[in-house]
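Next up, start-v1.cif (mmCIF, C-alpha atoms):
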```
data_protein
loop_
_atom_site.label_atom_id
_atom_site.label_comp_id
_atom_site.auth_asym_id
_atom_site.auth_seq_id
_atom_site.Cartn_x
_atom_site.Cartn_y
_atom_site.Cartn_z
CA MET A 1 7.64 -39.63 17.92
CA LYS A 2 8.69 -36.83 15.56
CA GLU A 3 9.98 -37.70 12.12
CA MET A 4 13.76 -37.81 11.82
CA PRO A 5 15.34 -34.87 9.96
CA HIS A 6 16.64 -35.92 6.57
CA LEU A 7 20.40 -35.63 6.15
CA TYR A 8 22.03 -34.14 3.06
CA LEU A 9 25.72 -34.87 2.57
CA ASP A 10 27.97 -32.69 0.44
CA MET A 11 30.59 -34.24 -1.87
CA ASP A 12 33.49 -31.86 -2.58
CA GLY A 13 35.41 -31.23 0.63
CA VAL A 14 33.37 -33.80 2.59
CA GLN A 15 33.50 -37.04 0.61
CA ALA A 16 35.87 -36.16 -2.25
CA ASP A 17 39.17 -34.28 -2.09
CA LEU A 18 38.60 -31.54 -4.66
CA PHE A 19 40.89 -29.05 -2.95
CA HIS A 20 44.10 -31.09 -3.17
CA ALA A 21 43.28 -31.92 -6.80
CA MET A 22 42.80 -28.23 -7.57
CA ALA A 23 46.05 -27.32 -5.78
CA LYS A 24 47.91 -29.93 -7.82
CA ARG A 25 46.28 -28.67 -11.02
CA GLU A 26 47.35 -25.11 -10.14
CA LYS A 27 50.87 -26.32 -9.20
CA VAL A 28 50.73 -25.12 -5.60
CA GLU A 29 51.06 -26.94 -2.30
CA HIS A 30 47.57 -26.25 -0.91
CA TRP A 31 44.18 -24.85 -2.00
CA ASP A 32 44.80 -21.82 0.24
CA ASP A 33 47.97 -21.07 -1.77
CA ILE A 34 45.90 -20.39 -4.91
CA ALA A 35 45.95 -16.60 -5.29
CA ASP A 36 42.50 -16.37 -6.89
CA GLN A 37 40.43 -19.49 -6.25
CA ASN A 38 37.52 -18.27 -8.39
CA ASP A 39 39.90 -17.83 -11.32
CA ALA A 40 41.21 -21.36 -10.76
CA ILE A 41 37.67 -22.74 -10.88
CA MET A 42 36.99 -20.71 -14.03
CA ARG A 43 40.17 -22.06 -15.68
CA LEU A 44 38.98 -25.59 -14.90
CA ALA A 45 35.53 -24.88 -16.34
CA LEU A 46 37.07 -23.38 -19.48
CA SER A 47 39.34 -26.40 -19.96
CA GLY A 48 36.39 -28.31 -21.42
CA PRO A 49 34.10 -31.19 -20.49
CA LEU A 50 36.68 -33.99 -20.77
CA GLU A 51 39.16 -32.35 -18.40
CA VAL A 52 36.35 -31.42 -15.99
CA TYR A 53 35.03 -34.99 -16.07
CA GLN A 54 38.48 -36.47 -15.44
CA LEU A 55 39.26 -34.16 -12.53
CA PHE A 56 36.00 -34.89 -10.70
CA ARG A 57 35.97 -38.59 -11.56
CA GLU A 58 39.50 -39.14 -10.23
CA LEU A 59 39.16 -37.29 -6.92
CA ASP A 60 40.51 -39.16 -3.92
CA PRO A 61 37.97 -40.07 -1.25
CA LEU A 62 38.39 -38.23 2.05
CA PRO A 63 38.73 -40.50 5.09
CA GLY A 64 36.44 -38.32 7.21
CA GLY A 65 33.64 -38.52 4.68
CA GLN A 66 34.00 -42.29 4.59
CA ARG A 67 33.75 -42.36 8.41
CA ILE A 68 30.59 -40.25 8.33
CA ILE A 69 28.99 -42.55 5.75
CA LYS A 70 29.91 -45.60 7.84
CA TRP A 71 28.37 -43.94 10.92
CA LEU A 72 25.19 -43.09 9.01
CA HIS A 73 24.86 -46.69 7.78
CA GLN A 74 25.52 -48.09 11.28
CA HIS A 75 22.74 -45.95 12.72
CA LYS A 76 20.38 -46.49 9.78
CA ILE A 77 20.15 -42.77 9.05
CA PRO A 78 19.05 -42.21 5.45
CA PHE A 79 20.87 -39.52 3.54
CA THR A 80 21.00 -37.89 0.13
CA VAL A 81 24.12 -36.59 -1.56
CA LEU A 82 23.70 -32.87 -2.27
CA SER A 83 26.47 -31.33 -4.35
CA ALA A 84 26.92 -28.21 -6.43
CA PRO A 85 27.88 -28.76 -10.08
CA LEU A 86 30.78 -26.87 -11.60
CA ARG A 87 29.78 -23.57 -13.19
CA MET A 88 29.73 -23.68 -16.99
CA GLU A 89 30.60 -27.38 -17.18
CA GLY A 90 27.82 -28.61 -14.93
CA GLU A 91 26.88 -31.65 -16.99
CA ALA A 92 30.45 -32.99 -17.16
CA SER A 93 30.92 -32.48 -13.41
CA LYS A 94 27.56 -34.12 -12.61
CA GLU A 95 28.35 -37.15 -14.75
CA ALA A 96 31.78 -37.49 -13.13
CA LYS A 97 30.31 -37.11 -9.65
CA ARG A 98 27.72 -39.82 -10.32
CA ASP A 99 30.46 -42.16 -11.56
CA TRP A 100 32.59 -41.27 -8.52
CA LEU A 101 29.67 -42.06 -6.20
CA ASP A 102 29.09 -45.40 -7.94
CA GLN A 103 32.65 -46.35 -7.02
CA HIS A 104 33.12 -44.76 -3.59
CA ASN A 105 29.58 -44.51 -2.18
CA PRO A 106 27.57 -47.15 -4.06
CA GLY A 107 23.80 -46.78 -4.17
CA THR A 108 23.77 -42.99 -3.81
CA SER A 109 24.18 -41.73 -7.36
CA GLU A 110 20.55 -42.45 -8.32
CA THR A 111 19.19 -40.11 -5.66
CA ALA A 112 22.02 -37.56 -5.64
CA ILE A 113 20.97 -33.96 -6.19
CA PHE A 114 23.24 -31.54 -8.03
CA THR A 115 22.39 -27.89 -7.47
CA SER A 116 24.00 -24.71 -6.22
CA LYS A 117 20.67 -23.86 -4.52
CA LYS A 118 21.11 -26.34 -1.68
CA HIS A 119 19.05 -24.21 0.71
CA GLN A 120 15.88 -25.29 -1.16
CA TYR A 121 16.15 -28.61 0.73
CA ALA A 122 16.59 -27.11 4.21
CA ILE A 123 12.98 -27.81 5.23
CA THR A 124 10.52 -30.59 4.38
CA ASP A 125 6.90 -30.25 5.50
CA GLY A 126 7.91 -27.67 8.11
CA ARG A 127 10.62 -29.94 9.52
CA PRO A 128 14.28 -28.82 9.37
CA ASN A 129 16.73 -31.07 7.54
CA VAL A 130 20.46 -31.44 8.17
CA LEU A 131 23.28 -30.45 5.80
CA VAL A 132 26.85 -31.63 6.35
CA ASP A 133 29.06 -29.36 4.25
CA ASP A 134 32.48 -27.73 4.38
CA PHE A 135 31.57 -24.49 2.61
CA LYS A 136 30.41 -21.58 4.77
CA TYR A 137 28.27 -20.05 1.98
CA TYR A 138 26.05 -23.15 1.70
CA LEU A 139 25.89 -23.63 5.47
CA GLN A 140 24.78 -20.02 6.08
CA ASN A 141 22.11 -20.19 3.36
CA TRP A 142 20.92 -23.55 4.75
CA ALA A 143 20.62 -22.19 8.30
CA ASN A 144 18.96 -18.99 7.04
CA ALA A 145 16.37 -21.15 5.26
CA GLY A 146 15.57 -22.93 8.55
CA GLY A 147 17.76 -26.05 8.25
CA ILE A 148 20.36 -27.49 10.61
CA ALA A 149 23.86 -26.79 9.30
CA VAL A 150 26.83 -28.95 10.33
CA LYS A 151 30.27 -27.61 9.40
CA HIS A 152 32.67 -30.37 8.38
CA ARG A 153 36.43 -30.40 8.08
CA ASP A 154 38.14 -33.70 7.37
CA GLU A 155 40.62 -33.02 10.19
CA SER A 156 37.75 -32.69 12.68
CA THR A 157 35.51 -35.59 11.65
CA ASP A 158 35.02 -36.54 15.31
CA HIS A 159 33.42 -33.13 15.86
CA THR A 160 31.10 -33.64 12.86
CA ILE A 161 30.02 -37.05 14.16
CA MET A 162 29.48 -35.61 17.67
CA GLN A 163 27.16 -32.98 16.16
CA LEU A 164 25.25 -35.68 14.27
CA GLU A 165 24.97 -37.78 17.44
CA LYS A 166 23.37 -34.81 19.24
CA ILE A 167 20.95 -34.14 16.39
CA TYR A 168 19.92 -37.77 15.88
CA ALA A 169 20.06 -39.00 19.52
CA PRO A 170 16.24 -38.90 19.91
CA TYR A 171 15.88 -41.16 16.86
CA LEU A 172 18.57 -43.74 17.61
CA SER A 173 17.62 -46.88 19.46
#
```

Translate this structure into structure tokens?
Amino acid sequence: MKEMPHLYLDMDGVQADLFHAMAKREKVEHWDDIADQNDAIMRLALSGPLEVYQLFRELDPLPGGQRIIKWLHQHKIPFTVLSAPLRMEGEASKEAKRDWLDQHNPGTSETAIFTSKKHQYAITDGRPNVLVDDFKYYLQNWANAGGIAVKHRDESTDHTIMQLEKIYAPYLS
């Protein structure tokens, strides 16, 4: 039997609701209402480590991400959290994300990986790994590096789980 592909699970937009927090911070209804999203991220980064830490530490968990984690545990599929740190305030965001994981996804902060070069984990020993992420940029780079990319939106968690069922069906007993 072939070895099961390792699963990497994104945080922001999959497990944690960064986009509603950013919309609130920018005083708009929705993330898509932010005129320049890169500028909004830059304003957050320039606000300093304490504000960055607080924003990431206090993110609400997304129900879809919680369902995916429950499904992974039920089927005994090991996973690693793989999340990009905030530009310029990476250490504050990483510390906050670890603390967030300790509360909302216990047992994962010790092995969590924080990098914007997620595609480096797309293949292990010639075997493709799986990335569940909401951001097209990371998914494209992952697939281009030979990995299996699964697009997630909290509103379509059933679709994400269906994709994971197809990928992991040969390994589930």

Just so the selection is clear, what residues does the PyMOL selection byres ((chain A and resi 117-131) around 12) cover here, as JSON, numbers by chain?
{"A": [2, 3, 4, 5, 6, 7, 8, 9, 10, 11, 14, 77, 78, 79, 80, 81, 82, 83, 84, 85, 112, 113, 114, 115, 116, 132, 133, 134, 135, 136, 137, 138, 139, 140, 141, 142, 143, 144, 145, 146, 147, 148, 149, 150, 151, 152, 160, 163, 164, 166, 167, 168]}

Residues matched by the PyMOL selection byres ((chain A and resi 67) around 12) as a PyMOL selection string
chain A and resi 14-15+61-66+68-74+105+154-161

Shell around A:Leu46 at 8 Å using all atoms listed in the file, local window under 2 positions removed, as a VMD selection string:
chain A and resid 42 to 44 48 88 to 89

Box centre and edge lengths (Å, one decimal), axis-aligned, stretch 95-111 of chain A plus 8 Å each side, as JSON:
```
{"center_x": 26.2, "center_y": -42.1, "center_z": -8.5, "size_x": 29.9, "size_y": 26.0, "size_z": 28.6}
```

Residue list as a short mmCIF file (atom, residue, chain, number, x, y, z; two decimals) with C-alpha atoms, in the frame of the given file for point (36.5, -39.1, -7.7), cut-off 6 Å, only C-alpha atoms:
```cif
data_model
loop_
_atom_site.label_atom_id
_atom_site.label_comp_id
_atom_site.auth_asym_id
_atom_site.auth_seq_id
_atom_site.Cartn_x
_atom_site.Cartn_y
_atom_site.Cartn_z
CA PHE A 56 36.00 -34.89 -10.70
CA ARG A 57 35.97 -38.59 -11.56
CA GLU A 58 39.50 -39.14 -10.23
CA LEU A 59 39.16 -37.29 -6.92
CA ASP A 60 40.51 -39.16 -3.92
CA TRP A 100 32.59 -41.27 -8.52
#
```

When you draw a straight line from atom CA of A:Gln54 to atom CA of A:Ala21, how long is it in Å?
10.9 Å

Please compute the atom CA of A:Tyr171-atom CA of A:Gly13 distance, one decimal, in Å.
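Computing the Euclidean distance for atom CA of A:Tyr171 and atom CA of A:Gly13 yields 27.3 Å.
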
Any idea what the distance is between atom CA of A:Lys76 and atom CA of A:Leu101?
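Computing it gives 19.0 Å between the two atoms.
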
Hey, which of A:His75, A:Asp12, A:His30, A:Ala92 ends up closest to A:Ser47? Count all atoms listed in the file.
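Residue with the minimum atom-to-atom distance to A:Ser47: A:Ala92.
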
Between A:Ala35, A:Val28, A:Ser93, A:Phe19, which residue has the minimum interatomic distance to A:Leu50, considering all atoms listed in the file?
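The closest residue to A:Leu50 is A:Ser93.
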
Using only C-alpha atoms, find the one residue out of A:Arg87, A:Arg153, A:His104, A:His20 that sits nearest to A:Asp33.
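Result for the nearest residue to A:Asp33: A:His20.
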